[in-house]
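S.K.: PDB, C-alpha atoms, file coords.pdb:
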ATOM      1  CA  MET A  23      23.594 -18.503   4.349
ATOM      2  CA  GLY A  24      24.543 -16.335   1.361
ATOM      3  CA  ILE A  25      23.522 -12.723   0.817
ATOM      4  CA  THR A  26      20.961 -13.670  -1.854
ATOM      5  CA  GLU A  27      19.224 -16.097   0.478
ATOM      6  CA  LYS A  28      19.230 -13.537   3.312
ATOM      7  CA  PHE A  29      17.661 -10.967   1.002
ATOM      8  CA  VAL A  30      14.976 -13.333  -0.331
ATOM      9  CA  ARG A  31      14.073 -14.447   3.198
ATOM     10  CA  GLN A  32      13.484 -10.799   4.120
ATOM     11  CA  CYS A  33      10.866 -10.405   1.391
ATOM     12  CA  ARG A  34       8.176 -12.071   3.508
ATOM     13  CA  LYS A  35       8.368  -9.598   6.392
ATOM     14  CA  PRO A  36      11.308  -7.195   6.179
ATOM     15  CA  GLN A  37      12.617  -6.346   9.635
ATOM     16  CA  GLY A  38      15.693  -4.837  11.225
ATOM     17  CA  LEU A  39      18.690  -3.397   9.438
ATOM     18  CA  ILE A  40      18.726  -6.007   6.656
ATOM     19  CA  GLY A  41      14.971  -5.668   6.268
ATOM     20  CA  ARG A  42      15.171  -1.904   5.838
ATOM     21  CA  PHE A  43      17.937  -2.379   3.282
ATOM     22  CA  ALA A  44      15.762  -4.945   1.472
ATOM     23  CA  GLY A  45      12.793  -2.573   1.520
ATOM     24  CA  ARG A  46      14.734   0.238  -0.082
ATOM     25  CA  ALA A  47      16.232  -2.195  -2.602
ATOM     26  CA  MET A  48      12.756  -3.426  -3.562
ATOM     27  CA  ASN A  49      11.556   0.150  -4.060
ATOM     28  CA  VAL A  50      14.166   0.430  -6.812
ATOM     29  CA  GLY A  51      14.354  -3.154  -8.050
ATOM     30  CA  HIS A  52      10.608  -3.632  -8.464
ATOM     31  CA  ALA A  53       9.974  -0.248 -10.098
ATOM     32  CA  LYS A  54       9.816  -1.543 -13.670
ATOM     33  CA  VAL A  55       7.442  -4.407 -12.950
ATOM     34  CA  ARG A  56       5.208  -2.109 -10.870
ATOM     35  CA  ARG A  57       4.939   0.437 -13.654
ATOM     36  CA  TRP A  58       4.290  -2.297 -16.201
ATOM     37  CA  GLY A  59       1.433  -3.671 -14.109
ATOM     38  CA  LEU A  60      -0.023  -0.240 -13.451
ATOM     39  CA  GLY A  61      -0.181   0.259 -17.212
ATOM     40  CA  TYR A  62      -3.288  -1.931 -17.240
ATOM     41  CA  VAL A  63      -5.213   0.473 -14.986
ATOM     42  CA  SER A  64      -3.448   3.816 -15.414
ATOM     43  CA  SER A  65      -6.127   5.295 -17.662
ATOM     44  CA  GLU A  66      -8.742   5.047 -14.909
ATOM     45  CA  SER A  67      -9.831   7.974 -12.730
ATOM     46  CA  TYR A  68      -9.792   6.722  -9.167
ATOM     47  CA  THR A  69     -10.572   8.587  -5.963
ATOM     48  CA  ALA A  70      -9.432   5.981  -3.375
ATOM     49  CA  VAL A  71      -6.633   3.439  -3.855
ATOM     50  CA  LEU A  72      -5.211   0.923  -1.368
ATOM     51  CA  ASP A  73      -1.838  -0.824  -1.662
ATOM     52  CA  VAL A  74      -1.777  -4.048   0.385
ATOM     53  CA  GLY A  75       1.682  -5.099   1.516
ATOM     54  CA  CYS A  76       3.012  -1.658   0.669
ATOM     55  CA  GLY A  77       6.518  -2.463   1.917
ATOM     56  CA  ALA A  78       8.819   0.543   1.813
ATOM     57  CA  GLY A  79       6.291   2.622  -0.113
ATOM     58  CA  GLY A  80       7.699   2.682  -3.635
ATOM     59  CA  ALA A  81       4.407   1.735  -5.275
ATOM     60  CA  LEU A  82       2.532   4.418  -3.360
ATOM     61  CA  ARG A  83       5.032   6.987  -4.569
ATOM     62  CA  ASP A  84       4.495   5.803  -8.161
ATOM     63  CA  MET A  85       0.724   5.862  -7.848
ATOM     64  CA  ALA A  86       0.662   9.421  -6.568
ATOM     65  CA  SER A  87       1.430  10.543 -10.116
ATOM     66  CA  THR A  88      -0.428   7.712 -11.868
ATOM     67  CA  PHE A  89      -3.666   8.602 -10.054
ATOM     68  CA  PRO A  90      -3.390  12.339  -9.348
ATOM     69  CA  SER A  91      -6.997  12.629  -8.089
ATOM     70  CA  ALA A  92      -6.858   9.688  -5.705
ATOM     71  CA  LYS A  93      -6.413   9.535  -1.954
ATOM     72  CA  LEU A  94      -3.869   6.765  -1.368
ATOM     73  CA  TYR A  95      -3.679   4.252   1.466
ATOM     74  CA  GLY A  96      -1.010   1.706   2.310
ATOM     75  CA  ILE A  97      -0.962  -1.171   4.756
ATOM     76  CA  ASP A  98       1.791  -3.586   5.746
ATOM     77  CA  TYR A  99       2.227  -6.127   8.514
ATOM     78  CA  SER A 100       5.870  -5.229   9.080
ATOM     79  CA  GLN A 101       6.079  -2.287  11.463
ATOM     80  CA  ASP A 102       9.562  -1.531  10.140
ATOM     81  CA  MET A 103       8.163  -1.191   6.606
ATOM     82  CA  VAL A 104       5.341   1.047   7.785
ATOM     83  CA  LEU A 105       7.863   3.403   9.368
ATOM     84  CA  LEU A 106      10.095   3.332   6.296
ATOM     85  CA  ALA A 107       7.195   3.872   3.889
ATOM     86  CA  LYS A 108       6.118   6.890   5.906
ATOM     87  CA  LYS A 109       9.643   8.275   5.694
ATOM     88  CA  VAL A 110       9.877   7.651   1.941
ATOM     89  CA  ASN A 111       6.499   9.330   1.363
ATOM     90  CA  LYS A 112       6.680  12.068   3.974
ATOM     91  CA  GLY A 113       5.688  14.777   1.507
ATOM     92  CA  LEU A 114       2.555  12.945   0.334
ATOM     93  CA  ILE A 115       1.488  12.339   3.922
ATOM     94  CA  GLU A 116       1.982  15.991   4.838
ATOM     95  CA  LYS A 117      -0.148  17.010   1.832
ATOM     96  CA  GLY A 118      -2.961  14.746   3.030
ATOM     97  CA  ARG A 119      -2.780  12.504  -0.027
ATOM     98  CA  LEU A 120      -1.564   9.378   1.735
ATOM     99  CA  GLU A 121      -2.213   7.359   4.883
ATOM    100  CA  ILE A 122      -0.118   4.322   5.843
ATOM    101  CA  SER A 123      -1.034   1.908   8.614
ATOM    102  CA  HIS A 124       0.131  -1.298  10.246
ATOM    103  CA  GLY A 125      -2.164  -4.262   9.649
ATOM    104  CA  SER A 126      -2.942  -7.468   7.812
ATOM    105  CA  VAL A 127      -4.651  -8.323   4.536
ATOM    106  CA  SER A 128      -6.717 -10.822   6.520
ATOM    107  CA  SER A 129      -8.452  -8.071   8.512
ATOM    108  CA  LEU A 130      -8.345  -4.767   6.659
ATOM    109  CA  PRO A 131      -9.195  -1.759   8.877
ATOM    110  CA  PHE A 132     -11.497  -0.176   6.301
ATOM    111  CA  ALA A 133     -15.243  -0.041   5.745
ATOM    112  CA  ASP A 134     -17.028  -2.007   3.049
ATOM    113  CA  ASN A 135     -17.103  -0.472  -0.446
ATOM    114  CA  THR A 136     -14.291   2.024   0.182
ATOM    115  CA  PHE A 137     -11.807   1.655  -2.705
ATOM    116  CA  ASP A 138     -11.864   1.957  -6.487
ATOM    117  CA  LEU A 139      -8.627  -0.008  -6.762
ATOM    118  CA  VAL A 140      -6.640  -2.323  -4.503
ATOM    119  CA  THR A 141      -3.104  -3.225  -5.548
ATOM    120  CA  ALA A 142      -0.651  -5.830  -4.296
ATOM    121  CA  PHE A 143       2.889  -5.851  -5.665
ATOM    122  CA  GLU A 144       5.083  -8.850  -4.827
ATOM    123  CA  ALA A 145       2.821  -9.571  -1.856
ATOM    124  CA  TYR A 146       0.151 -12.205  -2.464
ATOM    125  CA  TYR A 147       2.693 -15.062  -2.205
ATOM    126  CA  PHE A 148       2.787 -14.581   1.560
ATOM    127  CA  TRP A 149      -0.894 -14.193   2.411
ATOM    128  CA  PRO A 150      -1.969 -16.666   5.106
ATOM    129  CA  ASP A 151      -5.299 -17.707   3.527
ATOM    130  CA  LEU A 152      -5.402 -16.696  -0.134
ATOM    131  CA  HIS A 153      -9.103 -17.383  -0.722
ATOM    132  CA  ARG A 154     -10.342 -15.567   2.368
ATOM    133  CA  ASP A 155      -7.849 -12.751   1.932
ATOM    134  CA  LEU A 156      -9.043 -12.167  -1.632
ATOM    135  CA  GLN A 157     -12.601 -12.032  -0.316
ATOM    136  CA  GLU A 158     -11.536  -9.555   2.371
ATOM    137  CA  ILE A 159     -10.125  -7.320  -0.351
ATOM    138  CA  LYS A 160     -13.349  -7.680  -2.330
ATOM    139  CA  ARG A 161     -15.248  -6.506   0.752
ATOM    140  CA  VAL A 162     -13.459  -3.135   0.771
ATOM    141  CA  LEU A 163     -13.772  -2.650  -2.996
ATOM    142  CA  ARG A 164     -16.617  -0.613  -4.403
ATOM    143  CA  SER A 165     -18.866  -2.097  -7.058
ATOM    144  CA  GLU A 166     -16.868  -2.105 -10.309
ATOM    145  CA  GLY A 167     -13.694  -1.702  -8.238
ATOM    146  CA  LYS A 168     -10.621  -3.642  -9.297
ATOM    147  CA  LEU A 169      -7.895  -5.728  -7.719
ATOM    148  CA  LEU A 170      -4.472  -5.670  -9.378
ATOM    149  CA  LEU A 171      -1.839  -8.300  -8.506
ATOM    150  CA  VAL A 172       1.633  -7.743  -9.979
ATOM    151  CA  ASN A 173       4.561 -10.118  -9.495
ATOM    152  CA  GLU A 174       7.920 -10.821 -11.066
ATOM    153  CA  VAL A 175       7.899 -14.495 -10.077
ATOM    154  CA  TYR A 176       5.286 -17.061 -11.104
ATOM    155  CA  GLU A 177       5.193 -20.777 -11.762
ATOM    156  CA  ASN A 178       6.840 -21.303 -15.137
ATOM    157  CA  GLU A 179       9.001 -24.160 -16.364
ATOM    158  CA  LYS A 180      11.685 -21.844 -17.762
ATOM    159  CA  PHE A 181      12.378 -20.376 -14.289
ATOM    160  CA  GLN A 182      11.569 -23.497 -12.310
ATOM    161  CA  ASP A 183      14.928 -24.008 -10.570
ATOM    162  CA  ARG A 184      15.300 -20.382  -9.463
ATOM    163  CA  ASN A 185      11.682 -19.994  -8.424
ATOM    164  CA  ARG A 186      11.565 -23.148  -6.338
ATOM    165  CA  LYS A 187      14.727 -22.082  -4.539
ATOM    166  CA  TRP A 188      13.292 -18.668  -3.757
ATOM    167  CA  ALA A 189       9.947 -20.162  -2.737
ATOM    168  CA  ALA A 190      11.669 -22.469  -0.263
ATOM    169  CA  TRP A 191      13.796 -19.685   1.215
ATOM    170  CA  ALA A 192      10.907 -17.273   1.762
ATOM    171  CA  ASP A 193       7.986 -19.709   2.148
ATOM    172  CA  MET A 194       6.378 -18.257  -0.969
ATOM    173  CA  HIS A 195       3.380 -19.826  -2.711
ATOM    174  CA  LEU A 196       3.660 -19.572  -6.494
ATOM    175  CA  HIS A 197       0.972 -20.177  -9.113
ATOM    176  CA  THR A 198       0.595 -20.599 -12.863
ATOM    177  CA  PRO A 199      -1.402 -18.096 -14.945
ATOM    178  CA  ALA A 200      -4.272 -20.603 -15.007
ATOM    179  CA  ASP A 201      -4.141 -20.789 -11.220
ATOM    180  CA  TYR A 202      -4.481 -17.001 -10.980
ATOM    181  CA  ARG A 203      -7.635 -17.104 -13.068
ATOM    182  CA  GLU A 204      -9.017 -19.964 -10.983
ATOM    183  CA  PHE A 205      -8.400 -18.449  -7.560
ATOM    184  CA  LEU A 206      -9.718 -15.034  -8.564
ATOM    185  CA  THR A 207     -12.849 -16.607 -10.053
ATOM    186  CA  ARG A 208     -13.397 -18.738  -6.953
ATOM    187  CA  ALA A 209     -13.140 -15.621  -4.751
ATOM    188  CA  GLY A 210     -15.883 -13.957  -6.790
ATOM    189  CA  TYR A 211     -13.989 -11.643  -9.128
ATOM    190  CA  GLU A 212     -15.096 -11.150 -12.719
ATOM    191  CA  ALA A 213     -13.731  -9.673 -15.967
ATOM    192  CA  ILE A 214     -10.377 -11.276 -15.128
ATOM    193  CA  GLU A 215      -7.328 -10.342 -17.186
ATOM    194  CA  ILE A 216      -3.996 -12.148 -16.997
ATOM    195  CA  HIS A 217      -0.910 -10.606 -18.619
ATOM    196  CA  GLU A 218       2.579 -12.047 -18.829
ATOM    197  CA  ILE A 219       6.050 -11.196 -20.012
ATOM    198  CA  VAL A 220       7.255 -14.769 -20.201
ATOM    199  CA  LYS A 221      10.922 -13.993 -20.822
ATOM    200  CA  LYS A 222      11.065 -11.937 -17.609
ATOM    201  CA  ASN A 223       8.740 -14.166 -15.560
ATOM    202  CA  TRP A 224       6.465 -11.182 -14.917
ATOM    203  CA  ILE A 225       2.716 -11.560 -14.388
ATOM    204  CA  SER A 226      -0.176  -9.245 -13.634
ATOM    205  CA  ALA A 227      -3.732 -10.237 -12.833
ATOM    206  CA  LEU A 228      -6.735  -7.932 -12.788
ATOM    207  CA  GLY A 229     -10.158  -8.795 -11.395
ATOM    208  CA  LYS A 230     -13.314  -6.755 -10.925
ATOM    209  CA  LYS A 231     -15.981  -6.692  -8.233
ATOM    210  CA  THR A 232     -19.279  -6.393 -10.066
ATOM    211  CA  GLU A 233     -21.852  -6.937  -7.334
ATOM    212  CA  LEU A 234     -23.860  -3.969  -6.125
ATOM    213  CA  PRO A 235     -23.471  -2.831  -2.502
ATOM    214  CA  LEU A 236     -26.290  -3.753  -0.138
TER
END
Can the structure in the file be given as structure tokens, please?
M.R.:
Amino acid sequence: MGITEKFVRQCRKPQGLIGRFAGRAMNVGHAKVRRWGLGYVSSESYTAVLDVGCGAGGALRDMASTFPSAKLYGIDYSQDMVLLAKKVNKGLIEKGRLEISHGSVSSLPFADNTFDLVTAFEAYYFWPDLHRDLQEIKRVLRSEGKLLLVNEVYENEKFQDRNRKWAAWADMHLHTPADYREFLTRAGYEAIEIHEIVKKNWISALGKKTELPL
């Protein structure tokens, strides 16, 4: 098994020495695509933001400046990534701006109608039940709250050979832009926006929860 395959396999649930290396590498390597995706929501004034699959915490560090008034939360199902994200963001945690916990997208440990924004960077590919997990995120969103998915791999003919190799290595589930719109609509999101940079194979998807809380 080559180093590239070992790295890609770690993306699902980074663990151990190689996993911690992969987590730190993704903090740096995914920075540009994260900031590009956040550009579609950065003008909003949020008070509570959750990053699902926060990995080593790079996105949370970015969002601390993007959303200066928000309390930030991160969750990841790799205990190693939770520990690393806390280390990376020690200052934010000490200031009371950030909480990071161990858990799953399938059962978020938060009350209904808690967040203005939920983000997921390079994460949705690995969710065990995409439809139900999207509904679980919608549960914790406030009315008019948004979900932002940002990825640098999606189903596209130009990148087909590379993407299928990576998908096989890491058991990733990839979708076309039309698929994104379909699965977000089916999960009950509205005002859906899909953005691409085709030459880079980058995609972002934004959906809104419009129903009023009970």
S.K.: Convert the output of the PyMOL selection byres ((chain A and resi 108) around 12) on the shown file into explicit residues, formatted as a ChimeraX atom specification.
M.R.: /A:76-80,82-83,95-98,101-107,109-116,120-124
S.K.: Just write the chosen residues, C-alpha atoms, as a short mmCIF file (atom, residue, chain, number, x, y, z; two decimals), keeping the file's coordinate frame.
M.R.:
data_model
loop_
_atom_site.label_atom_id
_atom_site.label_comp_id
_atom_site.auth_asym_id
_atom_site.auth_seq_id
_atom_site.Cartn_x
_atom_site.Cartn_y
_atom_site.Cartn_z
CA CYS A 76 3.01 -1.66 0.67
CA GLY A 77 6.52 -2.46 1.92
CA ALA A 78 8.82 0.54 1.81
CA GLY A 79 6.29 2.62 -0.11
CA GLY A 80 7.70 2.68 -3.64
CA LEU A 82 2.53 4.42 -3.36
CA ARG A 83 5.03 6.99 -4.57
CA TYR A 95 -3.68 4.25 1.47
CA GLY A 96 -1.01 1.71 2.31
CA ILE A 97 -0.96 -1.17 4.76
CA ASP A 98 1.79 -3.59 5.75
CA GLN A 101 6.08 -2.29 11.46
CA ASP A 102 9.56 -1.53 10.14
CA MET A 103 8.16 -1.19 6.61
CA VAL A 104 5.34 1.05 7.78
CA LEU A 105 7.86 3.40 9.37
CA LEU A 106 10.10 3.33 6.30
CA ALA A 107 7.20 3.87 3.89
CA LYS A 109 9.64 8.28 5.69
CA VAL A 110 9.88 7.65 1.94
CA ASN A 111 6.50 9.33 1.36
CA LYS A 112 6.68 12.07 3.97
CA GLY A 113 5.69 14.78 1.51
CA LEU A 114 2.56 12.94 0.33
CA ILE A 115 1.49 12.34 3.92
CA GLU A 116 1.98 15.99 4.84
CA LEU A 120 -1.56 9.38 1.74
CA GLU A 121 -2.21 7.36 4.88
CA ILE A 122 -0.12 4.32 5.84
CA SER A 123 -1.03 1.91 8.61
CA HIS A 124 0.13 -1.30 10.25
#
S.K.: Run through the PyMOL selection byres ((chain A and resi 206-217) around 7) on the given coordinates and return the selected residues as a list in words.
M.R.: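 Taken over the shown coordinates, the PyMOL selection byres ((chain A and resi 206-217) around 7) returns His153, Leu156, Gln157, Pro199, Tyr202, Arg203, Glu204, Phe205, Glu218, Ile225, Ser226, Ala227, Leu228, Gly229, Lys230, Lys231 and Thr232 of chain A.
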S.K.: In Å, how far is it from CA of Met194 (chain A) to CA of Asn223 (chain A)?
M.R.: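 It comes out at 15.3 Å.
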S.K.: Can you tell me, as a VMD selection string, what residues are no more than 9 Å from Asp84 (chain A) when counting all atoms listed in the file, ignoring any on the same chain fewer than 3 positions away?
M.R.: chain A and resid 53 56 to 57 79 to 81 87 to 89
S.K.: Can you work out which one of A:Leu171, A:Ile219, A:Val127, A:Leu163 has the shortest atom-to-atom distance to Asp151 (chain A), counting all atoms listed in the file?
M.R.: A:Val127
S.K.: Excluding region 67-70 of chain A and any residue of its chain fewer than 6 positions from it, enumerate the residues within 6 Å of it, using all atoms listed in the file, and give them as a list in words.
M.R.: Ser91, Ala92, Lys93, Leu94, Phe137 and Asp138 of chain A
S.K.: In Å, with one decimal, what is the gap from CA of Arg164 (chain A) to CA of Ala145 (chain A)?
M.R.: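 Going from CA of Arg164 (chain A) over to CA of Ala145 (chain A), I get 21.6 Å.
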S.K.: So that I can look at just that part, could you write region 42-144 of chain A with C-alpha atoms, as a compact mmCIF listing (two decimals), in the first residue's frame?
M.R.:
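Dumped to out.txt:
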# COMPACT_ATOMS: atom_id res chain seq x y z
CA ARG A 42 -2.86 12.63 13.45
CA PHE A 43 -0.45 13.42 10.62
CA ALA A 44 -3.37 13.25 8.16
CA GLY A 45 -5.46 15.54 10.36
CA ARG A 46 -2.80 18.21 10.49
CA ALA A 47 -2.20 17.84 6.75
CA MET A 48 -5.91 18.33 6.05
CA ASN A 49 -5.97 21.47 8.20
CA VAL A 50 -3.48 22.95 5.73
CA GLY A 51 -4.44 21.18 2.52
CA HIS A 52 -8.16 21.90 2.76
CA ALA A 53 -7.78 25.54 3.81
CA LYS A 54 -8.43 27.04 0.38
CA VAL A 55 -11.55 25.01 -0.35
CA ARG A 56 -12.90 25.73 3.15
CA ARG A 57 -12.46 29.46 2.74
CA TRP A 58 -13.99 29.35 -0.73
CA GLY A 59 -17.07 27.57 0.61
CA LEU A 60 -17.38 29.89 3.59
CA GLY A 61 -17.49 32.79 1.14
CA TYR A 62 -21.12 31.89 0.45
CA VAL A 63 -22.14 32.51 4.07
CA SER A 64 -19.45 34.81 5.45
CA SER A 65 -21.61 37.93 5.32
CA GLU A 66 -24.09 36.47 7.80
CA SER A 67 -24.16 37.33 11.51
CA TYR A 68 -24.40 34.05 13.36
CA THR A 69 -24.48 33.41 17.10
CA ALA A 70 -24.11 29.58 17.13
CA VAL A 71 -22.25 27.50 14.54
CA LEU A 72 -21.59 23.74 14.48
CA ASP A 73 -18.93 21.98 12.40
CA VAL A 74 -19.80 18.30 11.89
CA GLY A 75 -16.80 16.07 11.28
CA CYS A 76 -14.51 18.81 12.51
CA GLY A 77 -11.38 16.67 12.14
CA ALA A 78 -8.27 18.40 13.43
CA GLY A 79 -10.10 21.70 13.88
CA GLY A 80 -8.84 23.80 10.98
CA ALA A 81 -12.31 24.91 9.91
CA LEU A 82 -13.22 25.94 13.44
CA ARG A 83 -10.08 28.06 13.59
CA ASP A 84 -11.07 29.72 10.30
CA MET A 85 -14.63 30.35 11.42
CA ALA A 86 -13.55 32.05 14.63
CA SER A 87 -12.58 35.06 12.52
CA THR A 88 -15.27 34.60 9.85
CA PHE A 89 -18.03 34.70 12.50
CA PRO A 90 -16.59 36.84 15.31
CA SER A 91 -19.90 36.96 17.25
CA ALA A 92 -20.60 33.24 17.14
CA LYS A 93 -20.11 30.54 19.73
CA LEU A 94 -18.52 27.63 17.85
CA TYR A 95 -19.03 23.91 18.34
CA GLY A 96 -17.25 20.96 16.76
CA ILE A 97 -18.01 17.26 16.76
CA ASP A 98 -16.11 14.30 15.36
CA TYR A 99 -16.39 10.55 15.72
CA SER A 100 -12.63 10.05 15.88
CA GLN A 101 -11.46 10.51 19.45
CA ASP A 102 -7.95 11.21 18.16
CA MET A 103 -9.29 14.10 16.06
CA VAL A 104 -11.25 15.50 18.98
CA LEU A 105 -8.08 15.60 21.07
CA LEU A 106 -6.07 17.13 18.23
CA ALA A 107 -8.73 19.73 17.44
CA LYS A 108 -8.77 20.77 21.08
CA LYS A 109 -5.00 21.16 20.99
CA VAL A 110 -5.08 23.17 17.76
CA ASN A 111 -7.79 25.47 19.15
CA LYS A 112 -6.70 25.64 22.77
CA GLY A 113 -6.88 29.43 22.86
CA LEU A 114 -10.46 29.56 21.55
CA ILE A 115 -11.56 26.96 24.08
CA GLU A 116 -9.93 28.85 26.94
CA LYS A 117 -11.74 32.03 25.83
CA GLY A 118 -15.07 30.21 25.94
CA ARG A 119 -15.68 30.61 22.21
CA LEU A 120 -15.43 26.94 21.28
CA GLU A 121 -16.58 23.54 22.50
CA ILE A 122 -15.49 20.29 20.83
CA SER A 123 -17.02 16.90 21.58
CA HIS A 124 -16.85 13.28 20.52
CA GLY A 125 -19.96 12.04 18.73
CA SER A 126 -21.74 11.14 15.53
CA VAL A 127 -23.73 13.08 12.94
CA SER A 128 -26.40 10.40 13.31
CA SER A 129 -27.15 11.40 16.92
CA LEU A 130 -26.08 14.97 17.59
CA PRO A 131 -25.90 15.82 21.32
CA PHE A 132 -27.68 19.16 20.92
CA ALA A 133 -31.22 20.41 21.44
CA ASP A 134 -33.60 21.18 18.61
CA ASN A 135 -33.31 24.62 16.99
CA THR A 136 -29.85 25.40 18.39
CA PHE A 137 -27.68 26.54 15.45
CA ASP A 138 -27.76 29.29 12.83
CA LEU A 139 -25.29 27.39 10.66
CA VAL A 140 -24.05 23.81 10.44
CA THR A 141 -20.99 23.12 8.29
CA ALA A 142 -19.42 19.91 7.03
CA PHE A 143 -16.10 20.07 5.19
CA GLU A 144 -14.91 16.91 3.43
